[in-house]
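Everything below belongs to upload_13.cif, which stores mmCIF, C-alpha atoms.
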data_coords
#
loop_
_atom_site.label_atom_id
_atom_site.label_comp_id
_atom_site.auth_asym_id
_atom_site.auth_seq_id
_atom_site.Cartn_x
_atom_site.Cartn_y
_atom_site.Cartn_z
CA MET C 1 -14.92 59.54 -31.70
CA CYS C 2 -12.43 57.77 -33.87
CA ASP C 3 -14.26 54.48 -33.89
CA THR C 4 -17.50 55.97 -35.06
CA CYS C 5 -16.81 59.04 -37.15
CA GLY C 6 -14.73 57.16 -39.65
CA CYS C 7 -11.30 58.72 -39.90
CA GLY C 8 -9.85 57.69 -43.21
CA ASP C 9 -13.11 57.79 -45.08
CA THR C 10 -12.98 61.33 -46.34
CA GLU C 11 -14.85 60.34 -49.44
CA ILE C 12 -17.87 59.54 -47.29
CA VAL C 13 -17.79 62.34 -44.71
CA PRO C 14 -19.31 65.42 -46.39
CA VAL C 15 -16.81 68.24 -46.90
CA ASP C 16 -19.01 70.77 -45.15
CA VAL C 17 -19.16 68.57 -42.04
CA ARG C 18 -15.37 68.30 -41.93
CA GLU C 19 -14.88 72.02 -42.37
CA ARG C 20 -17.48 72.76 -39.74
CA ILE C 21 -15.66 70.56 -37.21
CA LEU C 22 -12.25 72.16 -37.69
CA SER C 23 -13.72 75.66 -37.81
CA HIS C 24 -15.62 74.99 -34.59
CA ASN C 25 -12.42 73.72 -32.96
CA ASP C 26 -10.33 76.68 -34.12
CA HIS C 27 -12.91 79.09 -32.71
CA GLN C 28 -12.84 77.35 -29.32
CA ALA C 29 -9.04 77.15 -29.35
CA ALA C 30 -8.79 80.91 -29.92
CA HIS C 31 -11.03 81.38 -26.90
CA ASN C 32 -8.82 79.10 -24.78
CA ARG C 33 -5.74 81.01 -25.95
CA GLN C 34 -7.25 84.31 -24.81
CA HIS C 35 -7.79 82.74 -21.38
CA PHE C 36 -4.18 81.50 -21.17
CA VAL C 37 -2.64 84.79 -22.31
CA ALA C 38 -4.84 86.85 -19.99
CA GLY C 39 -3.97 84.53 -17.11
CA GLY C 40 -0.23 84.69 -17.81
CA VAL C 41 0.00 80.91 -18.09
CA LEU C 42 2.26 79.10 -20.54
CA ALA C 43 0.11 76.37 -22.10
CA ILE C 44 2.01 73.44 -23.62
CA ASN C 45 0.40 70.79 -25.83
CA LEU C 46 2.51 67.72 -25.02
CA MET C 47 2.10 64.91 -27.53
CA GLY C 48 3.74 61.59 -28.33
CA SER C 49 3.22 57.88 -28.85
CA PRO C 50 1.79 55.73 -26.07
CA GLY C 51 4.65 55.14 -23.66
CA ALA C 52 6.89 57.88 -25.08
CA GLY C 53 7.50 59.11 -21.54
CA LYS C 54 5.24 62.17 -21.44
CA THR C 55 4.15 61.69 -17.83
CA ALA C 56 7.67 60.77 -16.72
CA MET C 57 8.93 64.02 -18.26
CA LEU C 58 6.37 66.02 -16.28
CA GLU C 59 7.38 64.20 -13.08
CA ALA C 60 11.02 65.07 -13.82
CA THR C 61 10.00 68.69 -14.50
CA ALA C 62 8.32 68.91 -11.10
CA ARG C 63 11.44 67.51 -9.43
CA ALA C 64 13.62 70.06 -11.24
CA LEU C 65 11.33 73.00 -10.40
CA PRO C 66 10.22 72.33 -6.81
CA ASP C 67 9.09 75.95 -6.28
CA ALA C 68 7.14 76.30 -9.52
CA LYS C 69 3.37 75.98 -9.62
CA LEU C 70 2.62 73.51 -12.37
CA ALA C 71 -0.75 72.31 -13.61
CA ALA C 72 -1.69 69.55 -16.03
CA ILE C 73 -4.63 68.12 -17.90
CA SER C 74 -4.05 64.51 -18.95
CA GLY C 75 -5.91 62.97 -21.87
CA ASP C 76 -6.36 59.22 -21.98
CA LEU C 77 -8.99 56.90 -23.36
CA ALA C 78 -9.42 55.37 -19.92
CA THR C 79 -8.00 55.47 -16.37
CA ASP C 80 -6.76 58.40 -14.29
CA HIS C 81 -3.34 56.82 -13.79
CA ASP C 82 -1.45 59.85 -15.13
CA GLU C 83 -3.40 62.27 -12.96
CA ALA C 84 -2.49 60.19 -9.90
CA ARG C 85 1.21 60.15 -10.86
CA LEU C 86 1.27 63.89 -11.53
CA SER C 87 -0.57 64.74 -8.32
CA HIS C 88 1.91 62.61 -6.41
CA ALA C 89 4.70 64.63 -8.04
CA GLY C 90 3.14 67.87 -6.83
CA ILE C 91 1.44 68.94 -10.06
CA THR C 92 -2.18 70.06 -9.91
CA ALA C 93 -3.75 67.62 -12.36
CA ALA C 94 -7.04 66.55 -13.89
CA THR C 95 -8.05 63.85 -16.35
CA ILE C 96 -9.98 63.92 -19.60
CA ASN C 97 -11.12 60.44 -20.58
CA THR C 98 -11.90 60.33 -24.29
CA ASP C 99 -13.39 56.80 -24.24
CA SER C 100 -12.50 55.91 -27.83
CA GLY C 101 -11.42 59.38 -29.01
CA CYS C 102 -7.91 59.54 -30.41
CA HIS C 103 -7.06 63.13 -29.39
CA LEU C 104 -8.13 66.05 -27.23
CA ASP C 105 -9.96 68.98 -28.76
CA ALA C 106 -10.33 72.59 -27.68
CA GLU C 107 -13.81 72.16 -26.25
CA LEU C 108 -12.86 69.16 -24.10
CA VAL C 109 -9.95 71.18 -22.70
CA HIS C 110 -12.10 74.25 -22.11
CA ARG C 111 -14.68 72.27 -20.15
CA ARG C 112 -12.00 70.71 -17.95
CA LEU C 113 -10.37 74.09 -17.23
CA HIS C 114 -13.29 74.87 -14.96
CA ASP C 115 -12.13 72.08 -12.61
CA VAL C 116 -8.42 72.93 -12.50
CA PRO C 117 -7.02 76.02 -10.72
CA TRP C 118 -4.80 76.68 -13.72
CA ARG C 119 -4.70 80.47 -13.16
CA ASP C 120 -2.45 79.85 -10.14
CA ALA C 121 0.08 77.99 -12.27
CA SER C 122 2.99 79.27 -14.32
CA VAL C 123 2.79 76.40 -16.79
CA LEU C 124 -0.22 74.31 -17.83
CA PHE C 125 0.75 71.08 -19.53
CA ILE C 126 -1.95 69.56 -21.70
CA GLU C 127 -0.84 65.95 -22.01
CA ASN C 128 -2.59 64.71 -25.12
CA VAL C 129 -3.79 61.16 -25.86
CA GLY C 130 -0.84 58.91 -26.76
CA ASN C 131 -0.96 59.11 -30.55
CA LEU C 132 1.32 60.47 -33.28
CA VAL C 133 -1.43 61.14 -35.82
CA CYS C 134 -4.76 62.52 -34.64
CA PRO C 135 -3.68 65.27 -32.19
CA ALA C 136 -1.62 66.96 -34.92
CA VAL C 137 -4.21 69.33 -36.33
CA TYR C 138 -6.45 70.07 -33.36
CA ASP C 139 -5.39 73.40 -31.91
CA LEU C 140 -6.08 73.49 -28.16
CA GLY C 141 -5.08 77.13 -27.60
CA GLN C 142 -1.54 76.20 -26.55
CA ALA C 143 1.48 78.51 -26.83
CA ALA C 144 3.72 75.68 -28.05
CA ASN C 145 3.61 72.13 -29.40
CA VAL C 146 6.07 69.75 -27.76
CA VAL C 147 6.47 66.17 -28.96
CA ALA C 148 8.01 63.46 -26.81
CA LEU C 149 9.76 60.85 -28.95
CA SER C 150 11.46 57.90 -27.28
CA VAL C 151 14.77 56.57 -28.59
CA THR C 152 13.20 53.10 -28.35
CA GLU C 153 10.80 54.01 -31.19
CA GLY C 154 13.56 53.83 -33.80
CA VAL C 155 15.24 56.42 -35.98
CA ASP C 156 12.68 57.24 -38.67
CA LYS C 157 9.51 58.26 -36.86
CA PRO C 158 9.69 61.95 -37.90
CA GLU C 159 9.63 60.94 -41.57
CA LYS C 160 6.83 58.43 -40.99
CA TYR C 161 4.62 60.88 -39.06
CA PRO C 162 5.49 64.14 -40.81
CA VAL C 163 2.27 66.01 -39.95
CA ARG C 164 3.05 65.70 -36.27
CA PHE C 165 6.75 66.54 -36.39
CA ARG C 166 6.45 69.38 -38.90
CA ALA C 167 4.41 71.40 -36.41
CA ALA C 168 6.57 70.67 -33.36
CA ASP C 169 8.16 73.67 -31.66
CA LEU C 170 10.33 71.26 -29.71
CA VAL C 171 10.99 67.52 -29.82
CA LEU C 172 12.00 65.97 -26.51
CA LEU C 173 14.07 62.90 -27.36
CA THR C 174 13.30 60.82 -24.28
CA LYS C 175 14.83 57.77 -22.57
CA ILE C 176 18.36 58.48 -23.82
CA ASP C 177 19.66 56.49 -20.85
CA LEU C 178 18.65 53.41 -22.89
CA LEU C 179 20.82 54.34 -25.92
CA PRO C 180 23.75 52.07 -24.90
CA HIS C 181 21.36 49.12 -25.20
CA LEU C 182 19.91 50.09 -28.60
CA PRO C 183 22.36 49.22 -31.39
CA GLY C 184 21.73 51.17 -34.58
CA ILE C 185 19.92 54.01 -32.84
CA SER C 186 21.60 57.37 -32.27
CA VAL C 187 20.63 60.96 -31.53
CA GLU C 188 22.28 61.97 -34.80
CA ALA C 189 20.19 59.58 -36.91
CA ILE C 190 16.95 60.73 -35.29
CA ALA C 191 17.98 64.38 -35.72
CA ALA C 192 18.62 63.72 -39.40
CA SER C 193 15.13 62.24 -39.81
CA LEU C 194 13.58 65.23 -38.05
CA ALA C 195 15.50 67.68 -40.25
CA LYS C 196 13.89 66.11 -43.32
CA VAL C 197 10.38 67.17 -42.26
CA ASN C 198 10.90 70.17 -39.98
CA PRO C 199 12.51 73.31 -41.42
CA GLN C 200 13.69 74.49 -37.99
CA PRO C 201 14.28 71.27 -36.08
CA ARG C 202 14.75 71.65 -32.34
CA LEU C 203 15.65 68.36 -30.70
CA LEU C 204 16.48 68.07 -27.01
CA PRO C 205 17.85 64.72 -25.77
CA VAL C 206 16.59 64.02 -22.25
CA SER C 207 16.29 61.29 -19.65
CA ALA C 208 13.77 61.41 -16.84
CA VAL C 209 15.78 58.63 -15.19
CA SER C 210 19.30 60.10 -15.24
CA GLY C 211 18.18 63.74 -15.31
CA GLU C 212 20.28 64.47 -18.40
CA GLY C 213 18.85 67.34 -20.44
CA ILE C 214 16.19 68.26 -17.87
CA GLY C 215 17.93 71.58 -17.13
CA ALA C 216 17.91 72.48 -20.83
CA TRP C 217 14.20 71.61 -20.93
CA THR C 218 13.32 73.84 -17.97
CA ASP C 219 15.47 76.61 -19.53
CA TRP C 220 13.42 76.25 -22.71
CA LEU C 221 10.20 76.51 -20.72
CA ALA C 222 11.51 79.68 -19.01
CA SER C 223 12.41 81.16 -22.38
CA ARG C 224 8.84 80.66 -23.61
CA ARG C 225 7.23 82.41 -20.68
CA MET H 226 -8.65 61.33 -42.84
CA CYS H 227 -8.20 61.97 -39.18
CA ASP H 228 -7.19 65.58 -39.63
CA THR H 229 -10.23 66.47 -41.63
CA CYS H 230 -13.09 64.25 -40.60
CA GLY H 231 -12.92 65.34 -36.99
CA CYS H 232 -12.52 62.27 -34.82
CA GLY H 233 -13.68 63.18 -31.36
CA ASP H 234 -16.49 65.42 -32.52
CA THR H 235 -19.29 62.92 -32.58
CA GLU H 236 -21.77 65.56 -31.67
CA ILE H 237 -21.08 67.25 -35.01
CA VAL H 238 -20.73 64.29 -37.38
CA PRO H 239 -24.25 63.14 -38.23
CA VAL H 240 -25.11 59.69 -36.89
CA ASP H 241 -26.18 58.39 -40.29
CA VAL H 242 -22.82 59.37 -41.78
CA ARG H 243 -20.94 57.48 -39.07
CA GLU H 244 -23.08 54.39 -39.45
CA ARG H 245 -22.72 54.49 -43.21
CA ILE H 246 -18.91 54.57 -42.90
CA LEU H 247 -18.65 51.54 -40.60
CA SER H 248 -21.28 49.62 -42.53
CA HIS H 249 -19.42 50.31 -45.77
CA ASN H 250 -16.17 49.11 -44.19
CA ASP H 251 -17.74 45.94 -42.74
CA HIS H 252 -19.13 45.06 -46.16
CA GLN H 253 -15.74 45.49 -47.81
CA ALA H 254 -14.01 43.56 -44.99
CA ALA H 255 -16.36 40.60 -45.48
CA HIS H 256 -15.41 40.63 -49.15
CA ASN H 257 -11.68 40.64 -48.28
CA ARG H 258 -12.24 37.77 -45.84
CA GLN H 259 -13.85 35.67 -48.57
CA HIS H 260 -10.78 36.27 -50.72
CA PHE H 261 -8.40 35.21 -47.92
CA VAL H 262 -10.36 32.08 -46.98
CA ALA H 263 -10.74 31.02 -50.62
CA GLY H 264 -7.02 31.62 -51.20
CA GLY H 265 -6.00 29.63 -48.11
CA VAL H 266 -4.05 32.57 -46.72
CA LEU H 267 -3.86 33.43 -43.03
CA ALA H 268 -4.42 37.21 -42.82
CA ILE H 269 -3.11 38.90 -39.68
CA ASN H 270 -3.93 42.49 -38.71
CA LEU H 271 -0.77 43.55 -36.85
CA MET H 272 -1.23 46.68 -34.78
CA GLY H 273 0.72 48.63 -32.17
CA SER H 274 2.15 52.00 -31.20
CA PRO H 275 4.71 53.71 -33.41
CA GLY H 276 8.01 51.96 -32.73
CA ALA H 277 6.45 48.96 -30.97
CA GLY H 278 8.57 46.69 -33.14
CA LYS H 279 6.02 45.47 -35.67
CA THR H 280 8.39 45.44 -38.62
CA ALA H 281 11.21 43.95 -36.53
CA MET H 282 8.87 41.12 -35.54
CA LEU H 283 8.11 40.39 -39.20
CA GLU H 284 11.83 40.40 -40.02
CA ALA H 285 12.39 37.92 -37.17
CA THR H 286 9.50 35.80 -38.46
CA ALA H 287 11.09 35.61 -41.89
CA ARG H 288 14.40 34.56 -40.33
CA ALA H 289 12.64 31.85 -38.32
CA LEU H 290 10.65 30.54 -41.30
CA PRO H 291 13.13 30.68 -44.21
CA ASP H 292 11.07 28.30 -46.33
CA ALA H 293 7.70 29.97 -45.78
CA LYS H 294 6.18 32.30 -48.34
CA LEU H 295 5.22 35.42 -46.44
CA ALA H 296 3.54 38.56 -47.75
CA ALA H 297 2.89 41.91 -46.11
CA ILE H 298 1.07 45.16 -46.65
CA SER H 299 2.53 48.00 -44.57
CA GLY H 300 0.48 51.03 -43.63
CA ASP H 301 2.25 54.29 -42.84
CA LEU H 302 1.38 57.94 -43.22
CA ALA H 303 4.51 58.42 -45.29
CA THR H 304 7.62 56.60 -46.57
CA ASP H 305 8.05 53.04 -47.81
CA HIS H 306 10.75 52.28 -45.24
CA ASP H 307 8.94 49.22 -43.86
CA GLU H 308 8.34 47.77 -47.31
CA ALA H 309 12.06 48.10 -48.03
CA ARG H 310 12.98 46.38 -44.75
CA LEU H 311 10.49 43.56 -45.31
CA SER H 312 11.55 43.02 -48.92
CA HIS H 313 15.15 42.82 -47.78
CA ALA H 314 14.07 40.15 -45.26
CA GLY H 315 12.52 38.10 -48.06
CA ILE H 316 8.89 39.06 -47.51
CA THR H 317 6.81 40.10 -50.53
CA ALA H 318 5.71 43.56 -49.41
CA ALA H 319 3.77 46.62 -50.51
CA THR H 320 3.05 50.00 -48.93
CA ILE H 321 -0.17 51.89 -48.26
CA ASN H 322 0.54 55.54 -47.49
CA THR H 323 -2.41 57.06 -45.66
CA ASP H 324 -1.09 60.65 -45.78
CA SER H 325 -2.79 61.85 -42.61
CA GLY H 326 -5.08 58.85 -42.05
CA CYS H 327 -4.65 57.18 -38.67
CA HIS H 328 -5.53 53.60 -39.70
CA LEU H 329 -6.04 51.28 -42.64
CA ASP H 330 -9.52 50.36 -43.78
CA ALA H 331 -10.86 47.41 -45.74
CA GLU H 332 -11.10 49.27 -49.02
CA LEU H 333 -7.50 50.53 -48.88
CA VAL H 334 -6.35 46.96 -48.25
CA HIS H 335 -8.53 45.55 -51.02
CA ARG H 336 -7.15 47.99 -53.58
CA ARG H 337 -3.56 47.14 -52.64
CA LEU H 338 -4.18 43.39 -52.84
CA HIS H 339 -4.21 43.74 -56.61
CA ASP H 340 -0.51 44.66 -56.51
CA VAL H 341 0.71 41.94 -54.13
CA PRO H 342 0.92 38.24 -55.10
CA TRP H 343 -0.66 37.33 -51.78
CA ARG H 344 -2.27 34.14 -53.10
CA ASP H 345 1.21 32.57 -53.26
CA ALA H 346 1.78 33.23 -49.55
CA SER H 347 0.85 31.17 -46.51
CA VAL H 348 0.54 34.25 -44.29
CA LEU H 349 -0.37 37.83 -45.23
CA PHE H 350 0.59 40.34 -42.54
CA ILE H 351 -1.31 43.61 -42.69
CA GLU H 352 0.92 45.95 -40.71
CA ASN H 353 -1.40 48.74 -39.63
CA VAL H 354 -0.51 52.40 -39.06
CA GLY H 355 1.32 52.83 -35.73
CA ASN H 356 -1.56 53.77 -33.46
CA LEU H 357 -3.26 52.19 -30.45
CA VAL H 358 -6.64 53.87 -30.99
CA CYS H 359 -7.96 54.26 -34.52
CA PRO H 360 -7.24 50.82 -36.06
CA ALA H 361 -9.24 49.11 -33.31
CA VAL H 362 -12.67 49.05 -34.93
CA TYR H 363 -11.90 48.86 -38.64
CA ASP H 364 -12.22 45.25 -39.71
CA LEU H 365 -9.87 44.52 -42.63
CA GLY H 366 -11.03 40.95 -43.26
CA GLN H 367 -8.25 39.46 -41.12
CA ALA H 368 -8.40 36.06 -39.42
CA ALA H 369 -6.78 37.41 -36.24
CA ASN H 370 -5.85 40.65 -34.50
CA VAL H 371 -2.32 40.75 -33.11
CA VAL H 372 -1.06 43.69 -31.07
CA ALA H 373 2.64 44.41 -30.59
CA LEU H 374 3.27 46.10 -27.25
CA SER H 375 6.81 47.05 -26.28
CA VAL H 376 8.01 46.67 -22.70
CA THR H 377 9.41 50.19 -23.03
CA GLU H 378 5.85 51.56 -23.19
CA GLY H 379 5.25 50.92 -19.49
CA VAL H 380 3.00 48.54 -17.61
CA ASP H 381 -0.50 50.03 -17.95
CA LYS H 382 -1.11 50.47 -21.67
CA PRO H 383 -3.80 47.73 -21.89
CA GLU H 384 -5.90 49.58 -19.31
CA LYS H 385 -5.32 52.93 -21.00
CA TYR H 386 -6.22 51.66 -24.49
CA PRO H 387 -8.89 49.07 -23.65
CA VAL H 388 -10.68 49.13 -27.02
CA ARG H 389 -7.52 47.94 -28.74
CA PHE H 390 -6.48 45.28 -26.23
CA ARG H 391 -9.97 43.90 -25.62
CA ALA H 392 -10.16 42.72 -29.24
CA ALA H 393 -6.64 41.29 -29.43
CA ASP H 394 -6.36 37.57 -30.19
CA LEU H 395 -2.71 37.77 -29.21
CA VAL H 396 -0.48 40.40 -27.65
CA LEU H 397 3.19 40.16 -28.59
CA LEU H 398 5.15 41.70 -25.73
CA THR H 399 8.16 42.93 -27.68
CA LYS H 400 11.72 44.03 -26.82
CA ILE H 401 11.94 41.88 -23.69
CA ASP H 402 15.73 41.93 -24.10
CA LEU H 403 15.51 45.47 -22.67
CA LEU H 404 13.77 44.39 -19.44
CA PRO H 405 16.98 44.30 -17.36
CA HIS H 406 17.36 48.03 -18.08
CA LEU H 407 13.77 48.98 -17.21
CA PRO H 408 13.28 49.10 -13.44
CA GLY H 409 9.66 48.79 -12.38
CA ILE H 410 8.56 47.04 -15.57
CA SER H 411 7.87 43.30 -15.66
CA VAL H 412 6.03 40.79 -17.81
CA GLU H 413 3.83 40.00 -14.80
CA ALA H 414 2.73 43.62 -14.31
CA ILE H 415 1.86 44.01 -18.00
CA ALA H 416 0.00 40.68 -17.98
CA ALA H 417 -2.01 41.88 -14.98
CA SER H 418 -2.98 45.05 -16.83
CA LEU H 419 -4.02 43.04 -19.89
CA ALA H 420 -6.11 40.68 -17.76
CA LYS H 421 -8.16 43.65 -16.55
CA VAL H 422 -9.48 44.43 -20.03
CA ASN H 423 -9.28 41.14 -21.94
CA PRO H 424 -11.33 38.16 -20.71
CA GLN H 425 -9.00 35.64 -22.39
CA PRO H 426 -5.60 37.32 -22.31
CA ARG H 427 -2.93 35.77 -24.46
CA LEU H 428 0.45 37.43 -23.96
CA LEU H 429 3.61 36.19 -25.64
CA PRO H 430 6.92 37.75 -24.52
CA VAL H 431 9.30 38.04 -27.48
CA SER H 432 12.52 39.65 -28.62
CA ALA H 433 13.40 40.15 -32.26
CA VAL H 434 16.98 40.81 -31.10
CA SER H 435 17.64 37.74 -28.93
CA GLY H 436 15.12 35.50 -30.70
CA GLU H 437 13.40 34.61 -27.41
CA GLY H 438 9.76 33.68 -27.94
CA ILE H 439 9.96 33.71 -31.74
CA GLY H 440 9.44 29.92 -31.85
CA ALA H 441 6.28 30.23 -29.77
CA TRP H 442 5.08 32.95 -32.13
CA THR H 443 5.62 30.87 -35.27
CA ASP H 444 3.92 27.93 -33.48
CA TRP H 445 0.95 30.21 -32.83
CA LEU H 446 0.84 31.19 -36.51
CA ALA H 447 0.92 27.51 -37.52
CA SER H 448 -1.94 26.77 -35.11
CA ARG H 449 -4.08 29.45 -36.77
CA ARG H 450 -3.63 28.16 -40.29
#
How does this structure look as structure tokens?
Amino acid sequence: MCDTCGCGDTEIVPVDVRERILSHNDHQAAHNRQHFVAGGVLAINLMGSPGAGKTAMLEATARALPDAKLAAISGDLATDHDEARLSHAGITAATINTDSGCHLDAELVHRRLHDVPWRDASVLFIENVGNLVCPAVYDLGQAANVVALSVTEGVDKPEKYPVRFRAADLVLLTKIDLLPHLPGISVEAIAASLAKVNPQPRLLPVSAVSGEGIGAWTDWLASRR
Amino acid sequence: MCDTCGCGDTEIVPVDVRERILSHNDHQAAHNRQHFVAGGVLAINLMGSPGAGKTAMLEATARALPDAKLAAISGDLATDHDEARLSHAGITAATINTDSGCHLDAELVHRRLHDVPWRDASVLFIENVGNLVCPAVYDLGQAANVVALSVTEGVDKPEKYPVRFRAADLVLLTKIDLLPHLPGISVEAIAASLAKVNPQPRLLPVSAVSGEGIGAWTDWLASRR
């Protein structure tokens, strides 16, 4: 876990240990991916800061697709709050509590798959731990990386967290209903920051409150199936 | 760094390596603390999610204390945007870029101290990498842990990130000017969540935009000197 393995102290963690960890994860992620492809399920790794609106986006997705079978695995250090919200919204959901771990990994996801009837679903959302750093390099076997970025986080987060945004297949710019109350923040400025780190930036402004952009988001999901 | 050391894979990182890392950090942090105490400088470890308003709070602090000598070290994966903002606000500032590291550690801070005239300052703010998980257990030698939590992040973040909020000497509840536009979110609900994980919760509602609560914050700083 992040509080005990010593992220940031690469000079102390032996190189072979680090390589073994990532190699082990990649192997497990490839196994997960085989499962998802064989099962015909679109697996989405949904990442973002704490409070970026990841769960609210999934609730809005369920409202927009009332006939779709959606499943989710929610990663959090503690609580099953997101699982309860998603279940209430009609999404088959399960929790992974990481205790002090700052991201999900492929093995944690694989273990939890046994408890979720994900094969019945068209889309499996893997809602990662709220964090813009650690989840970036841990492949979970997903088909696509989606990052939720709230307009309240300011305009320069893509440049400040380039590892995360460089690998994003789609950035959901959330909470755009708040833009009138945020002087100095605009979709254009955030798009410009994203373009500096992502060679093929794909930014979708959305609001789970007003519903704006939700149709474009579900169209994107359909296009990836 | 977090992408290479494998946070979350405690079963793979040898126990002695993990203990060596934290022990090494604690030793360096004690050394930093001696420096700060001897220099008569109040060192604050300021943490929070990406976009929680950490830098905006420091800008507001500088506006509220125009005669104070303030210094800051800003941690970010990339860019020196925060250093530029803080310098513009009159704060002596320097950047630590962690590349892919998810938190500062005591040695990174110690190295950077050589480049900042922190002994001239009354307060040294160490603005950690935007992250609610990793910075929690790395002592930097600070006198106090302050967490910035934005009202836009929802009401249950303390319960979801208990390691971080349990060790907070003060939680700055930022962006309260946005509360009228956030149905379902209140200071009371966030305070209730904090009280569940912190035995002596101290929550200070503030707005860097309206200035509300900034006086109470500078009073708190004065009380800690």
Next item on the list: Would you mind listing what lies within 9 Å of Thr79 of chain C as a PyMOL selection string, with all atoms listed in the file counted and same-chain residues fewer than 2 positions away left out?
Entry: (chain C and resi 76-77+81-83+95+97) or (chain H and resi 384-385)
Next item on the list: Identify all residues satisfying the PyMOL selection byres ((chain C and resi 133) around 8) in the given file; provide them as JSON, numbers by chain.
Entry: {"C": [131, 132, 134, 135, 136, 161, 163, 164], "H": [227, 325, 326, 327, 356]}
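Put simply, atom CA of Ala393 of chain H is 24.1 Å away from atom CA of Arg337 of chain H.
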Checklist line | Within 12 Å of file point (4.9, 57.0, -24.4), counting all atoms listed in the file, expressed as a PyMOL selection string | finding: (chain C and resi 46-57+76+82+127-132+147-153+172-175) or (chain H and resi 274-277+356-357+374-382+385)
Next item on the list: Please evaluate the PyMOL selection byres ((chain H and resi 347) around 12) against the structure above and give the resulting residues as number ranges by chain.
Entry: H: 261-262, 264-269, 290, 292-297, 316-317, 342-346, 348-350, 446-447, 449-450
Next item on the list: Counting all atoms listed in the file, figure out which residue out of H:Asp305, H:Asp394, H:Asp444, H:Glu437 gets nearest to Pro424 of chain H.
Entry: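 When distances to Pro424 of chain H are compared using all atoms listed in the file, the smallest one comes from H:Asp394.
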Check: Applied to this file, what does the PyMOL selection byres ((chain C and resi 191) around 10) return in terms of residues, put as a VMD selection string?
Finding: chain C and resid 155 to 156 158 171 173 186 to 190 192 to 196 201 to 205
With C-alpha atoms kept, could you save the residues just selected as a PDB file, in the coordinates of the input?
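This is the output file result37.pdb:
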ATOM      1  CA  VAL C 155      15.240  56.420 -35.980  1.00  0.00           C
ATOM      2  CA  ASP C 156      12.680  57.240 -38.670  1.00  0.00           C
ATOM      3  CA  PRO C 158       9.690  61.950 -37.900  1.00  0.00           C
ATOM      4  CA  VAL C 171      10.990  67.520 -29.820  1.00  0.00           C
ATOM      5  CA  LEU C 173      14.070  62.900 -27.360  1.00  0.00           C
ATOM      6  CA  SER C 186      21.600  57.370 -32.270  1.00  0.00           C
ATOM      7  CA  VAL C 187      20.630  60.960 -31.530  1.00  0.00           C
ATOM      8  CA  GLU C 188      22.280  61.970 -34.800  1.00  0.00           C
ATOM      9  CA  ALA C 189      20.190  59.580 -36.910  1.00  0.00           C
ATOM     10  CA  ILE C 190      16.950  60.730 -35.290  1.00  0.00           C
ATOM     11  CA  ALA C 192      18.620  63.720 -39.400  1.00  0.00           C
ATOM     12  CA  SER C 193      15.130  62.240 -39.810  1.00  0.00           C
ATOM     13  CA  LEU C 194      13.580  65.230 -38.050  1.00  0.00           C
ATOM     14  CA  ALA C 195      15.500  67.680 -40.250  1.00  0.00           C
ATOM     15  CA  LYS C 196      13.890  66.110 -43.320  1.00  0.00           C
ATOM     16  CA  PRO C 201      14.280  71.270 -36.080  1.00  0.00           C
ATOM     17  CA  ARG C 202      14.750  71.650 -32.340  1.00  0.00           C
ATOM     18  CA  LEU C 203      15.650  68.360 -30.700  1.00  0.00           C
ATOM     19  CA  LEU C 204      16.480  68.070 -27.010  1.00  0.00           C
ATOM     20  CA  PRO C 205      17.850  64.720 -25.770  1.00  0.00           C
TER      21      PRO C 205
END
Note to self: When you count all atoms listed in the file, which of these residues is closest to Ile351 of chain H: H:Arg336, H:Gly300, H:Pro291, H:Arg310?
What the structure shows: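 Result for the nearest residue to Ile351 of chain H: H:Gly300.
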Next item on the list: Place a sphere of radius 8 Å on (18.0, 50.6, -28.2) in the file coordinates and name every protein, DNA or RNA residue with an atom inside or on its surface, counting all atoms listed in the file; give the answer as a ChimeraX atom specification.
Entry: /C:151-152,154,178-185 /H:403
Margin query: I'd like to know which of C:Val197, C:Val116, C:Ala143, C:Ile73 is closest to chain H, using all atoms listed in the file.
Written below: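 Looking only at the distances to chain H, the closest residue turns out to be C:Val197.
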Notebook entry, point to check: Any idea what the distance is between atom CA of Ala30 of chain C and atom CA of Thr218 of chain C?
Noted result: 26.1 Å
Item checked: Closest of C:Gln34, C:His110, C:Val137, C:Glu59 to chain H - atom-to-atom distances counting all atoms listed in the file ->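 Counting all atoms listed in the file, the residue closest to chain H is C:Val137.
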Check: Which one of C:Arg18, C:Ala167, C:His35, C:Ser223 sits closest to Val146 of chain C if you count only C-alpha atoms?
Finding: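 So, comparing all the options, the nearest one is C:Ala167.
Here atom CA of Ala60 of chain C stands at a distance of 12.0 Å from atom CA of His88 of chain C.
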Check: Which residue, H:Asn423, H:Asn270, H:Thr323, H:Gln367, has the smallest gap to chain C when you use all atoms listed in the file?
Finding: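 Looking only at the distances to chain C, the closest residue turns out to be H:Thr323.
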Next item on the list: Pick out the residues sitting within 10 Å of Leu333 of chain H, and hand them over as a list in words; count only C-alpha atoms, and ignore anything fewer than 5 positions along from it in its own chain.
Entry: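 Answer for this query is Gly8 and Asp9 of chain C; Asn250, Gln253, Gly300, Ile321, Asn322, Thr323, His328, Leu338 and Leu365 of chain H.
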